[in-house]
>>> print(open('target.cif').read())   # mmCIF, C-alpha atoms
data_protein
#
loop_
_atom_site.group_PDB
_atom_site.id
_atom_site.type_symbol
_atom_site.label_atom_id
_atom_site.label_comp_id
_atom_site.auth_asym_id
_atom_site.auth_seq_id
_atom_site.Cartn_x
_atom_site.Cartn_y
_atom_site.Cartn_z
ATOM 1 C CA MET J 1 45.901 -9.370 19.092
ATOM 2 C CA THR J 2 45.515 -8.108 15.535
ATOM 3 C CA SER J 3 42.197 -7.789 13.763
ATOM 4 C CA GLU J 4 42.946 -10.907 11.718
ATOM 5 C CA GLU J 5 43.337 -12.995 14.864
ATOM 6 C CA LYS J 6 39.986 -12.050 16.417
ATOM 7 C CA PRO J 7 37.136 -14.487 15.886
ATOM 8 C CA PRO J 8 34.626 -12.987 13.423
ATOM 9 C CA VAL J 9 31.625 -13.758 15.628
ATOM 10 C CA VAL J 10 31.435 -14.082 19.416
ATOM 11 C CA GLU J 11 28.257 -15.292 21.131
ATOM 12 C CA LEU J 12 27.327 -13.018 24.024
ATOM 13 C CA THR J 13 25.967 -14.305 27.306
ATOM 14 C CA ALA J 14 22.476 -13.225 28.384
ATOM 15 C CA GLU J 15 24.061 -10.839 30.886
ATOM 16 C CA GLU J 16 26.352 -9.280 28.280
ATOM 17 C CA SER J 17 23.448 -9.007 25.826
ATOM 18 C CA TRP J 18 21.240 -7.277 28.386
ATOM 19 C CA LYS J 19 23.957 -4.690 29.060
ATOM 20 C CA TYR J 20 23.906 -3.717 25.381
ATOM 21 C CA VAL J 21 20.110 -3.488 25.489
ATOM 22 C CA GLU J 22 20.209 -1.267 28.594
ATOM 23 C CA LYS J 23 22.643 1.155 26.971
ATOM 24 C CA THR J 24 20.550 1.496 23.798
ATOM 25 C CA PHE J 25 17.213 3.234 23.296
ATOM 26 C CA HIS J 26 16.181 2.346 19.748
ATOM 27 C CA GLY J 27 15.214 -1.055 18.332
ATOM 28 C CA ARG J 28 12.590 -2.910 16.327
ATOM 29 C CA ILE J 29 9.633 -5.096 17.288
ATOM 30 C CA ALA J 30 8.640 -7.984 14.996
ATOM 31 C CA THR J 31 5.061 -9.220 15.243
ATOM 32 C CA SER J 32 3.161 -12.030 13.575
ATOM 33 C CA VAL J 33 -0.539 -12.066 12.791
ATOM 34 C CA ALA J 34 -2.051 -14.885 10.723
ATOM 35 C CA GLY J 35 1.377 -15.854 9.414
ATOM 36 C CA GLU J 36 2.202 -12.328 8.262
ATOM 37 C CA PRO J 37 5.264 -10.861 9.913
ATOM 38 C CA ASP J 38 5.448 -7.137 10.518
ATOM 39 C CA ILE J 39 8.165 -4.937 11.961
ATOM 40 C CA PHE J 40 8.157 -1.569 13.728
ATOM 41 C CA PRO J 41 10.916 0.722 14.888
ATOM 42 C CA ILE J 42 10.552 1.700 18.550
ATOM 43 C CA ASN J 43 12.176 3.834 21.181
ATOM 44 C CA TYR J 44 12.376 1.871 24.393
ATOM 45 C CA TYR J 45 13.677 1.973 27.931
ATOM 46 C CA ALA J 46 15.092 -1.152 29.554
ATOM 47 C CA HIS J 47 14.752 -1.465 33.324
ATOM 48 C CA ASP J 48 14.360 -4.242 35.878
ATOM 49 C CA GLY J 49 14.516 -6.975 33.255
ATOM 50 C CA VAL J 50 11.764 -5.633 30.992
ATOM 51 C CA LEU J 51 11.523 -3.247 28.055
ATOM 52 C CA LEU J 52 9.021 -0.436 28.041
ATOM 53 C CA PHE J 53 7.881 1.432 24.963
ATOM 54 C CA ARG J 54 5.083 3.783 24.024
ATOM 55 C CA THR J 55 2.666 3.637 21.179
ATOM 56 C CA ALA J 56 -0.292 5.492 19.836
ATOM 57 C CA PRO J 57 -3.439 3.466 19.095
ATOM 58 C CA GLY J 58 -3.007 1.950 15.628
ATOM 59 C CA ASN J 59 -1.638 -1.004 13.736
ATOM 60 C CA LYS J 60 1.207 -1.754 16.096
ATOM 61 C CA LEU J 61 -0.906 -1.931 19.205
ATOM 62 C CA ALA J 62 -3.610 -3.892 17.400
ATOM 63 C CA GLU J 63 -1.170 -6.557 16.251
ATOM 64 C CA LEU J 64 0.232 -6.955 19.750
ATOM 65 C CA THR J 65 -3.287 -7.476 21.071
ATOM 66 C CA VAL J 66 -3.946 -10.302 18.606
ATOM 67 C CA ASN J 67 -0.621 -12.058 19.251
ATOM 68 C CA SER J 68 1.451 -10.896 22.185
ATOM 69 C CA HIS J 69 4.471 -12.994 21.123
ATOM 70 C CA VAL J 70 7.105 -10.689 19.678
ATOM 71 C CA ALA J 71 10.756 -10.624 18.717
ATOM 72 C CA PHE J 72 12.879 -7.553 19.402
ATOM 73 C CA GLU J 73 16.221 -6.578 17.895
ATOM 74 C CA THR J 74 18.666 -3.804 18.606
ATOM 75 C CA ASP J 75 22.176 -3.344 17.295
ATOM 76 C CA GLY J 76 25.136 -1.054 17.075
ATOM 77 C CA ILE J 77 27.584 -0.728 14.199
ATOM 78 C CA MET J 78 30.982 0.853 14.554
ATOM 79 C CA SER J 79 33.732 1.051 11.946
ATOM 80 C CA ASP J 80 35.418 -2.235 12.830
ATOM 81 C CA GLU J 81 32.977 -3.981 15.137
ATOM 82 C CA ALA J 82 29.254 -4.461 15.613
ATOM 83 C CA TRP J 83 26.810 -6.160 17.945
ATOM 84 C CA SER J 84 23.230 -7.333 17.702
ATOM 85 C CA VAL J 85 20.886 -8.601 20.409
ATOM 86 C CA VAL J 86 17.611 -10.450 19.821
ATOM 87 C CA ILE J 87 15.004 -10.847 22.545
ATOM 88 C CA LYS J 88 11.916 -13.006 22.291
ATOM 89 C CA GLY J 89 9.093 -12.400 24.671
ATOM 90 C CA THR J 90 5.532 -11.364 25.279
ATOM 91 C CA THR J 91 3.964 -7.942 25.533
ATOM 92 C CA ARG J 92 1.153 -6.474 27.557
ATOM 93 C CA GLU J 93 -0.268 -2.986 27.680
ATOM 94 C CA LEU J 94 -0.062 -1.214 31.012
ATOM 95 C CA GLU J 95 -3.603 -0.653 32.236
ATOM 96 C CA LEU J 96 -3.487 0.017 35.957
ATOM 97 C CA SER J 97 -3.194 3.719 36.724
ATOM 98 C CA ALA J 98 -0.558 3.010 39.384
ATOM 99 C CA GLU J 99 1.773 1.271 36.909
ATOM 100 C CA ILE J 100 1.174 3.940 34.275
ATOM 101 C CA GLU J 101 2.134 6.566 36.843
ATOM 102 C CA GLU J 102 5.339 4.636 37.593
ATOM 103 C CA ALA J 103 6.082 4.383 33.871
ATOM 104 C CA GLU J 104 5.623 8.143 33.456
ATOM 105 C CA LYS J 105 8.569 8.667 35.810
ATOM 106 C CA LEU J 106 10.981 6.641 33.660
ATOM 107 C CA PRO J 107 13.294 8.372 31.170
ATOM 108 C CA LEU J 108 11.495 6.977 28.127
ATOM 109 C CA LYS J 109 11.935 9.581 25.452
ATOM 110 C CA PRO J 110 9.599 9.635 22.471
ATOM 111 C CA TRP J 111 11.278 9.912 19.095
ATOM 112 C CA VAL J 112 8.984 12.616 17.824
ATOM 113 C CA ARG J 113 6.558 15.245 18.983
ATOM 114 C CA THR J 114 3.398 13.218 18.547
ATOM 115 C CA ARG J 115 1.219 11.963 21.374
ATOM 116 C CA LYS J 116 1.943 8.339 22.236
ATOM 117 C CA SER J 117 -0.385 7.651 25.081
ATOM 118 C CA ARG J 118 -0.141 3.885 25.615
ATOM 119 C CA TYR J 119 2.620 2.016 27.409
ATOM 120 C CA VAL J 120 3.588 -1.509 26.378
ATOM 121 C CA GLU J 121 5.846 -3.738 28.461
ATOM 122 C CA LEU J 122 7.893 -6.526 26.851
ATOM 123 C CA THR J 123 8.902 -9.353 29.187
ATOM 124 C CA PRO J 124 11.757 -11.435 27.709
ATOM 125 C CA THR J 125 11.555 -15.215 27.535
ATOM 126 C CA SER J 126 14.912 -15.525 25.765
ATOM 127 C CA ILE J 127 17.807 -13.244 24.940
ATOM 128 C CA SER J 128 20.732 -13.869 22.642
ATOM 129 C CA GLY J 129 23.447 -11.629 21.329
ATOM 130 C CA ARG J 130 26.409 -11.651 19.028
ATOM 131 C CA PHE J 131 29.470 -9.478 18.766
ATOM 132 C CA PHE J 132 31.060 -9.118 15.329
ATOM 133 C CA ASN J 133 34.642 -8.298 14.482
ATOM 134 C CA LEU J 134 34.058 -6.803 11.066
ATOM 135 C CA GLY J 135 36.255 -7.678 8.151
ATOM 136 C CA PRO J 136 36.368 -9.356 4.755
ATOM 137 C CA GLU J 137 35.223 -12.892 4.161
ATOM 138 C CA PRO J 138 37.861 -15.689 4.209
ATOM 139 C CA GLU J 139 39.361 -16.639 0.881
ATOM 140 C CA ASP J 140 37.385 -19.040 -1.203
ATOM 141 C CA GLU J 141 38.651 -22.540 -0.590
ATOM 142 C CA TYR J 142 36.657 -24.566 -3.020
ATOM 143 C CA MET O 1 11.645 27.168 8.990
ATOM 144 C CA THR O 2 12.609 26.465 12.589
ATOM 145 C CA SER O 3 12.659 23.019 14.120
ATOM 146 C CA GLU O 4 9.417 23.768 15.980
ATOM 147 C CA GLU O 5 7.613 24.437 12.719
ATOM 148 C CA LYS O 6 8.568 21.162 11.024
ATOM 149 C CA PRO O 7 6.011 18.390 11.177
ATOM 150 C CA PRO O 8 7.220 15.645 13.543
ATOM 151 C CA VAL O 9 6.492 12.833 11.079
ATOM 152 C CA VAL O 10 6.438 12.918 7.270
ATOM 153 C CA GLU O 11 5.229 9.932 5.249
ATOM 154 C CA LEU O 12 7.675 9.102 2.466
ATOM 155 C CA THR O 13 6.575 8.026 -0.984
ATOM 156 C CA ALA O 14 7.593 4.582 -2.251
ATOM 157 C CA GLU O 15 10.234 6.228 -4.451
ATOM 158 C CA GLU O 16 11.685 8.248 -1.570
ATOM 159 C CA SER O 17 11.647 5.183 0.674
ATOM 160 C CA TRP O 18 13.468 3.071 -1.903
ATOM 161 C CA LYS O 19 16.207 5.710 -2.203
ATOM 162 C CA TYR O 20 16.909 5.365 1.511
ATOM 163 C CA VAL O 21 16.983 1.575 1.151
ATOM 164 C CA GLU O 22 19.433 1.790 -1.762
ATOM 165 C CA LYS O 23 21.825 3.989 0.205
ATOM 166 C CA THR O 24 21.848 1.672 3.218
ATOM 167 C CA PHE O 25 23.403 -1.761 3.598
ATOM 168 C CA HIS O 26 22.210 -3.015 6.986
ATOM 169 C CA GLY O 27 18.691 -3.924 8.079
ATOM 170 C CA ARG O 28 16.583 -6.597 9.754
ATOM 171 C CA ILE O 29 14.347 -9.360 8.420
ATOM 172 C CA ALA O 30 11.269 -10.390 10.439
ATOM 173 C CA THR O 31 9.913 -13.893 9.838
ATOM 174 C CA SER O 32 6.904 -15.767 11.152
ATOM 175 C CA VAL O 33 6.677 -19.514 11.656
ATOM 176 C CA ALA O 34 3.654 -21.052 13.392
ATOM 177 C CA GLY O 35 2.716 -17.686 14.875
ATOM 178 C CA GLU O 36 6.174 -17.091 16.345
ATOM 179 C CA PRO O 37 7.893 -13.979 15.034
ATOM 180 C CA ASP O 38 11.664 -13.929 14.705
ATOM 181 C CA ILE O 39 14.061 -11.206 13.638
ATOM 182 C CA PHE O 40 17.556 -11.260 12.108
ATOM 183 C CA PRO O 41 20.028 -8.520 11.317
ATOM 184 C CA ILE O 42 21.249 -8.679 7.723
ATOM 185 C CA ASN O 43 23.629 -6.973 5.363
ATOM 186 C CA TYR O 44 21.924 -6.453 2.041
ATOM 187 C CA TYR O 45 22.354 -4.914 -1.363
ATOM 188 C CA ALA O 46 19.398 -3.246 -3.099
ATOM 189 C CA HIS O 47 19.355 -3.296 -6.884
ATOM 190 C CA ASP O 48 16.771 -3.375 -9.668
ATOM 191 C CA GLY O 49 13.862 -3.292 -7.237
ATOM 192 C CA VAL O 50 14.912 -6.252 -5.091
ATOM 193 C CA LEU O 51 17.056 -6.809 -2.014
ATOM 194 C CA LEU O 52 19.768 -9.430 -1.992
ATOM 195 C CA PHE O 53 21.350 -10.870 1.119
ATOM 196 C CA ARG O 54 23.508 -13.830 1.989
ATOM 197 C CA THR O 55 23.065 -16.450 4.657
ATOM 198 C CA ALA O 56 24.716 -19.591 5.891
ATOM 199 C CA PRO O 57 22.507 -22.670 6.249
ATOM 200 C CA GLY O 58 20.762 -22.412 9.611
ATOM 201 C CA ASN O 59 17.725 -21.064 11.384
ATOM 202 C CA LYS O 60 17.240 -18.010 9.221
ATOM 203 C CA LEU O 61 17.218 -19.886 5.953
ATOM 204 C CA ALA O 62 15.034 -22.637 7.407
ATOM 205 C CA GLU O 63 12.388 -20.149 8.542
ATOM 206 C CA LEU O 64 12.305 -18.481 5.133
ATOM 207 C CA THR O 65 11.748 -21.872 3.532
ATOM 208 C CA VAL O 66 8.725 -22.585 5.739
ATOM 209 C CA ASN O 67 7.159 -19.141 5.213
ATOM 210 C CA SER O 68 8.625 -16.896 2.531
ATOM 211 C CA HIS O 69 6.568 -13.889 3.662
ATOM 212 C CA VAL O 70 8.847 -11.461 5.448
ATOM 213 C CA ALA O 71 8.992 -7.893 6.692
ATOM 214 C CA PHE O 72 12.192 -5.886 6.390
ATOM 215 C CA GLU O 73 13.192 -2.707 8.189
ATOM 216 C CA THR O 74 16.110 -0.333 7.873
ATOM 217 C CA ASP O 75 16.604 3.052 9.468
ATOM 218 C CA GLY O 76 18.987 5.879 10.073
ATOM 219 C CA ILE O 77 19.198 8.116 13.120
ATOM 220 C CA MET O 78 20.943 11.444 13.119
ATOM 221 C CA SER O 79 21.069 14.031 15.909
ATOM 222 C CA ASP O 80 17.928 15.911 14.924
ATOM 223 C CA GLU O 81 16.251 13.704 12.342
ATOM 224 C CA ALA O 82 15.656 10.052 11.577
ATOM 225 C CA TRP O 83 14.059 7.849 8.967
ATOM 226 C CA SER O 84 12.705 4.307 8.846
ATOM 227 C CA VAL O 85 11.552 2.228 5.900
ATOM 228 C CA VAL O 86 9.528 -0.991 6.115
ATOM 229 C CA ILE O 87 9.232 -3.383 3.185
ATOM 230 C CA LYS O 88 6.927 -6.383 3.064
ATOM 231 C CA GLY O 89 7.600 -9.059 0.513
ATOM 232 C CA THR O 90 8.540 -12.614 -0.264
ATOM 233 C CA THR O 91 11.897 -14.312 -0.401
ATOM 234 C CA ARG O 92 13.393 -17.031 -2.514
ATOM 235 C CA GLU O 93 16.830 -18.606 -2.477
ATOM 236 C CA LEU O 94 18.850 -18.231 -5.671
ATOM 237 C CA GLU O 95 19.362 -21.717 -7.095
ATOM 238 C CA LEU O 96 20.300 -21.351 -10.752
ATOM 239 C CA SER O 97 24.063 -21.170 -11.219
ATOM 240 C CA ALA O 98 23.649 -18.335 -13.725
ATOM 241 C CA GLU O 99 21.835 -16.114 -11.222
ATOM 242 C CA ILE O 100 24.269 -17.009 -8.452
ATOM 243 C CA GLU O 101 27.122 -15.970 -10.753
ATOM 244 C CA GLU O 102 25.373 -12.650 -11.398
ATOM 245 C CA ALA O 103 24.886 -12.177 -7.656
ATOM 246 C CA GLU O 104 28.600 -12.833 -7.009
ATOM 247 C CA LYS O 105 29.414 -9.753 -9.094
ATOM 248 C CA LEU O 106 27.324 -7.409 -6.913
ATOM 249 C CA PRO O 107 28.949 -5.356 -4.158
ATOM 250 C CA LEU O 108 27.267 -7.292 -1.363
ATOM 251 C CA LYS O 109 29.678 -7.171 1.530
ATOM 252 C CA PRO O 110 29.395 -9.711 4.317
ATOM 253 C CA TRP O 111 29.481 -8.301 7.819
ATOM 254 C CA VAL O 112 31.998 -10.787 9.112
ATOM 255 C CA ARG O 113 34.606 -13.202 7.942
ATOM 256 C CA THR O 114 32.459 -16.314 7.983
ATOM 257 C CA ARG O 115 31.323 -18.210 4.921
ATOM 258 C CA LYS O 116 27.800 -17.288 3.870
ATOM 259 C CA SER O 117 27.225 -19.380 0.815
ATOM 260 C CA ARG O 118 23.518 -18.928 0.052
ATOM 261 C CA TYR O 119 21.909 -15.957 -1.657
ATOM 262 C CA VAL O 120 18.364 -14.911 -0.826
ATOM 263 C CA GLU O 121 16.384 -12.412 -2.876
ATOM 264 C CA LEU O 122 13.562 -10.367 -1.336
ATOM 265 C CA THR O 123 10.954 -9.059 -3.771
ATOM 266 C CA PRO O 124 8.886 -6.227 -2.239
ATOM 267 C CA THR O 125 5.111 -6.288 -2.356
ATOM 268 C CA SER O 126 4.808 -3.036 -0.363
ATOM 269 C CA ILE O 127 7.129 -0.318 0.836
ATOM 270 C CA SER O 128 6.465 2.469 3.298
ATOM 271 C CA GLY O 129 8.707 4.976 4.959
ATOM 272 C CA ARG O 130 8.634 7.762 7.456
ATOM 273 C CA PHE O 131 10.900 10.701 8.107
ATOM 274 C CA PHE O 132 11.058 12.034 11.666
ATOM 275 C CA ASN O 133 11.964 15.509 12.813
ATOM 276 C CA LEU O 134 13.177 14.623 16.287
ATOM 277 C CA GLY O 135 12.182 16.647 19.287
ATOM 278 C CA PRO O 136 10.261 16.594 22.536
ATOM 279 C CA GLU O 137 6.628 15.581 22.795
ATOM 280 C CA PRO O 138 3.989 18.346 22.733
ATOM 281 C CA GLU O 139 2.837 19.670 26.075
ATOM 282 C CA ASP O 140 0.193 17.650 27.791
ATOM 283 C CA GLU O 141 -3.173 19.169 26.964
ATOM 284 C CA TYR O 142 -5.521 17.114 29.029
#
>>> encode(input="target.cif", output="structure tokens")
Amino acid sequence: MTSEEKPPVVELTAEESWKYVEKTFHGRIATSVAGEPDIFPINYYAHDGVLLFRTAPGNKLAELTVNSHVAFETDGIMSDEAWSVVIKGTTRELELSAEIEEAEKLPLKPWVRTRKSRYVELTPTSISGRFFNLGPEPEDEY
Amino acid sequence: MTSEEKPPVVELTAEESWKYVEKTFHGRIATSVAGEPDIFPINYYAHDGVLLFRTAPGNKLAELTVNSHVAFETDGIMSDEAWSVVIKGTTRELELSAEIEEAEKLPLKPWVRTRKSRYVELTPTSISGRFFNLGPEPEDEY
């Protein structure tokens, strides 16, 4: 099948979307506090149906405490194709020492050499993904 | 200066941040409607201090109409460094035929071959960026 024959956008199933999320380690969290959206890049680790990320005390953690409803996006762009997955869900900070100890064992790599001492777990309530066959727009027909 | 000597995170000025935004064409818009954050990947074109992107009628456009306050993020990740810029601002749909004609002349490439007939302009109210020297976390000191 040539590039022209491929559909420009393919909806991914939840299972397909999750596989992309599991293979990726960088995304963004969107929060909303008093009608003001905010967005943060994160490094995450997906395991057992949840996402785990780390944060230092600050704006990001504070906003999650006020409204635990978040949206998450991750994507990948290649030369002729791309994909994007959006997860909606709720977050909670890990507080029990036993679960923090478990989290410490996971291969969650921080992006930079700063201390990020809190763990936040994102439990999805919905997941949707799209796969894009990149190319020019169709000719104008009107 | 060796990698160990570089600071892990460097705050970018607004001017430096905008240069990264201008050189990039893919990002994400975070919206908030009734306390529910949402997030959408977009292709955009930055010019004259604003971002322009296209959208087909649908969820994304509807959410921007209800609450024009948005957050935008774009980033780049290389093997040993990364950057991320966050813009907060407001959006409006282009409606005057003269401004739509001007927008048609800009090199705003759609990601896929589907019709995206609306133009949305994002005017920043704040811009912040960070540059990351990637590397492992410092040794645990407690």
>>> interface_residues(input="target.cif", of="chain O", to="chain J", cutoff="9 Å", atoms="only C-alpha atoms", output="PyMOL selection string")
chain O and resi 7-9+28-41+67+69-75+82+84+86-88+109-116+132-138+140
>>> write_last_selection(input="target.cif", atoms="C-alpha atoms", output="JSON list (two decimals), keeping the file's coordinate frame")
[["chain", "number", "residue", "atom", "x", "y", "z"],
["O", 7, "PRO", "CA", 6.01, 18.39, 11.18],
["O", 8, "PRO", "CA", 7.22, 15.64, 13.54],
["O", 9, "VAL", "CA", 6.49, 12.83, 11.08],
["O", 28, "ARG", "CA", 16.58, -6.60, 9.75],
["O", 29, "ILE", "CA", 14.35, -9.36, 8.42],
["O", 30, "ALA", "CA", 11.27, -10.39, 10.44],
["O", 31, "THR", "CA", 9.91, -13.89, 9.84],
["O", 32, "SER", "CA", 6.90, -15.77, 11.15],
["O", 33, "VAL", "CA", 6.68, -19.51, 11.66],
["O", 34, "ALA", "CA", 3.65, -21.05, 13.39],
["O", 35, "GLY", "CA", 2.72, -17.69, 14.88],
["O", 36, "GLU", "CA", 6.17, -17.09, 16.34],
["O", 37, "PRO", "CA", 7.89, -13.98, 15.03],
["O", 38, "ASP", "CA", 11.66, -13.93, 14.70],
["O", 39, "ILE", "CA", 14.06, -11.21, 13.64],
["O", 40, "PHE", "CA", 17.56, -11.26, 12.11],
["O", 41, "PRO", "CA", 20.03, -8.52, 11.32],
["O", 67, "ASN", "CA", 7.16, -19.14, 5.21],
["O", 69, "HIS", "CA", 6.57, -13.89, 3.66],
["O", 70, "VAL", "CA", 8.85, -11.46, 5.45],
["O", 71, "ALA", "CA", 8.99, -7.89, 6.69],
["O", 72, "PHE", "CA", 12.19, -5.89, 6.39],
["O", 73, "GLU", "CA", 13.19, -2.71, 8.19],
["O", 74, "THR", "CA", 16.11, -0.33, 7.87],
["O", 75, "ASP", "CA", 16.60, 3.05, 9.47],
["O", 82, "ALA", "CA", 15.66, 10.05, 11.58],
["O", 84, "SER", "CA", 12.70, 4.31, 8.85],
["O", 86, "VAL", "CA", 9.53, -0.99, 6.12],
["O", 87, "ILE", "CA", 9.23, -3.38, 3.18],
["O", 88, "LYS", "CA", 6.93, -6.38, 3.06],
["O", 109, "LYS", "CA", 29.68, -7.17, 1.53],
["O", 110, "PRO", "CA", 29.40, -9.71, 4.32],
["O", 111, "TRP", "CA", 29.48, -8.30, 7.82],
["O", 112, "VAL", "CA", 32.00, -10.79, 9.11],
["O", 113, "ARG", "CA", 34.61, -13.20, 7.94],
["O", 114, "THR", "CA", 32.46, -16.31, 7.98],
["O", 115, "ARG", "CA", 31.32, -18.21, 4.92],
["O", 116, "LYS", "CA", 27.80, -17.29, 3.87],
["O", 132, "PHE", "CA", 11.06, 12.03, 11.67],
["O", 133, "ASN", "CA", 11.96, 15.51, 12.81],
["O", 134, "LEU", "CA", 13.18, 14.62, 16.29],
["O", 135, "GLY", "CA", 12.18, 16.65, 19.29],
["O", 136, "PRO", "CA", 10.26, 16.59, 22.54],
["O", 137, "GLU", "CA", 6.63, 15.58, 22.80],
["O", 138, "PRO", "CA", 3.99, 18.35, 22.73],
["O", 140, "ASP", "CA", 0.19, 17.65, 27.79]]
>>> resolve_selection(input="target.cif", expression="the PyMOL selection byres ((chain O and resi 19) around 12)", output="ChimeraX atom specification")
/O:12-18,20-25,46-49,74-75,83-85,127-129
>>> closest_residue(input="target.cif", among="J:Leu51, J:Leu96, J:Ala62, J:Glu11", to="Thr125 of chain J", atoms="only C-alpha atoms")
J:Leu51
>>> residues_near_point(input="target.cif", point="(-1.6, 5.4, 16.3)", cutoff="12 Å", atoms="only C-alpha atoms", output="PyMOL selection string")
chain J and resi 54-63+114-118
>>> closest_residue(input="target.cif", among="J:Ser126, J:Phe131, J:Ala103, J:Lys6", to="Tyr45 of chain J", atoms="all atoms listed in the file")
J:Ala103
>>> resolve_selection(input="target.cif", expression="the PyMOL selection byres ((chain J and resi 94) around 8)", output="JSON, numbers by chain")
{"J": [92, 93, 95, 96, 99, 100, 118, 119, 120, 121]}
>>> atom_distance(input="target.cif", atom1="atom CA of Glu102 of chain O", atom2="atom CA of Thr65 of chain O")
22.2 Å
>>> atom_distance(input="target.cif", atom1="atom CA of Val66 of chain O", atom2="atom CA of Leu64 of chain J")
22.6 Å
>>> atom_distance(input="target.cif", atom1="atom CA of Ala98 of chain J", atom2="atom CA of Leu122 of chain J")
17.9 Å
>>> axis_aligned_box(input="target.cif", around="segment 117-132 of chain J", padding_each_side="8 Å", output="AutoDock Vina command-line options")
--center_x 15.3 --center_y -3.9 --center_z 22.3 --size_x 47.4 --size_y 39.2 --size_z 29.9
>>> build_atoms(input="target.cif", residues="segment 74-88 of chain O", atoms="N, CA, C and O atoms", output="short mmCIF file (atom, residue, chain, number, x, y, z; two decimals), in the frame of the given file")
data_model
loop_
_atom_site.label_atom_id
_atom_site.label_comp_id
_atom_site.auth_asym_id
_atom_site.auth_seq_id
_atom_site.Cartn_x
_atom_site.Cartn_y
_atom_site.Cartn_z
N THR O 74 14.81 -0.99 7.74
CA THR O 74 16.11 -0.33 7.87
C THR O 74 15.86 1.10 8.30
O THR O 74 14.79 1.67 8.04
N ASP O 75 16.81 1.69 8.99
CA ASP O 75 16.60 3.05 9.47
C ASP O 75 17.92 3.77 9.62
O ASP O 75 18.99 3.17 9.53
N GLY O 76 17.82 5.05 9.82
CA GLY O 76 18.99 5.88 10.07
C GLY O 76 18.62 6.93 11.09
O GLY O 76 17.52 7.50 11.04
N ILE O 77 19.50 7.16 12.05
CA ILE O 77 19.20 8.12 13.12
C ILE O 77 20.31 9.14 13.19
O ILE O 77 21.47 8.78 13.41
N MET O 78 19.98 10.37 12.98
CA MET O 78 20.94 11.44 13.12
C MET O 78 20.59 12.22 14.38
O MET O 78 19.67 11.87 15.10
N SER O 79 21.30 13.34 14.64
CA SER O 79 21.07 14.03 15.91
C SER O 79 19.68 14.67 15.97
O SER O 79 19.05 14.68 17.01
N ASP O 80 19.21 15.20 14.86
CA ASP O 80 17.93 15.91 14.92
C ASP O 80 16.89 15.37 13.94
O ASP O 80 15.81 15.95 13.80
N GLU O 81 17.23 14.30 13.24
CA GLU O 81 16.25 13.70 12.34
C GLU O 81 16.52 12.22 12.23
O GLU O 81 17.61 11.74 12.58
N ALA O 82 15.53 11.49 11.72
CA ALA O 82 15.66 10.05 11.58
C ALA O 82 14.71 9.60 10.48
O ALA O 82 13.80 10.33 10.09
N TRP O 83 14.97 8.42 9.95
CA TRP O 83 14.06 7.85 8.97
C TRP O 83 13.98 6.35 9.20
O TRP O 83 14.88 5.74 9.79
N SER O 84 12.89 5.75 8.74
CA SER O 84 12.70 4.31 8.85
C SER O 84 11.87 3.86 7.66
O SER O 84 10.88 4.50 7.31
N VAL O 85 12.30 2.79 7.03
CA VAL O 85 11.55 2.23 5.90
C VAL O 85 11.22 0.78 6.21
O VAL O 85 12.07 0.02 6.70
N VAL O 86 9.97 0.39 5.94
CA VAL O 86 9.53 -0.99 6.12
C VAL O 86 9.09 -1.54 4.77
O VAL O 86 8.31 -0.90 4.05
N ILE O 87 9.62 -2.70 4.41
CA ILE O 87 9.23 -3.38 3.18
C ILE O 87 8.59 -4.71 3.57
O ILE O 87 9.10 -5.41 4.44
N LYS O 88 7.47 -5.03 2.95
CA LYS O 88 6.93 -6.38 3.06
C LYS O 88 7.11 -7.07 1.73
O LYS O 88 7.03 -6.43 0.67
#
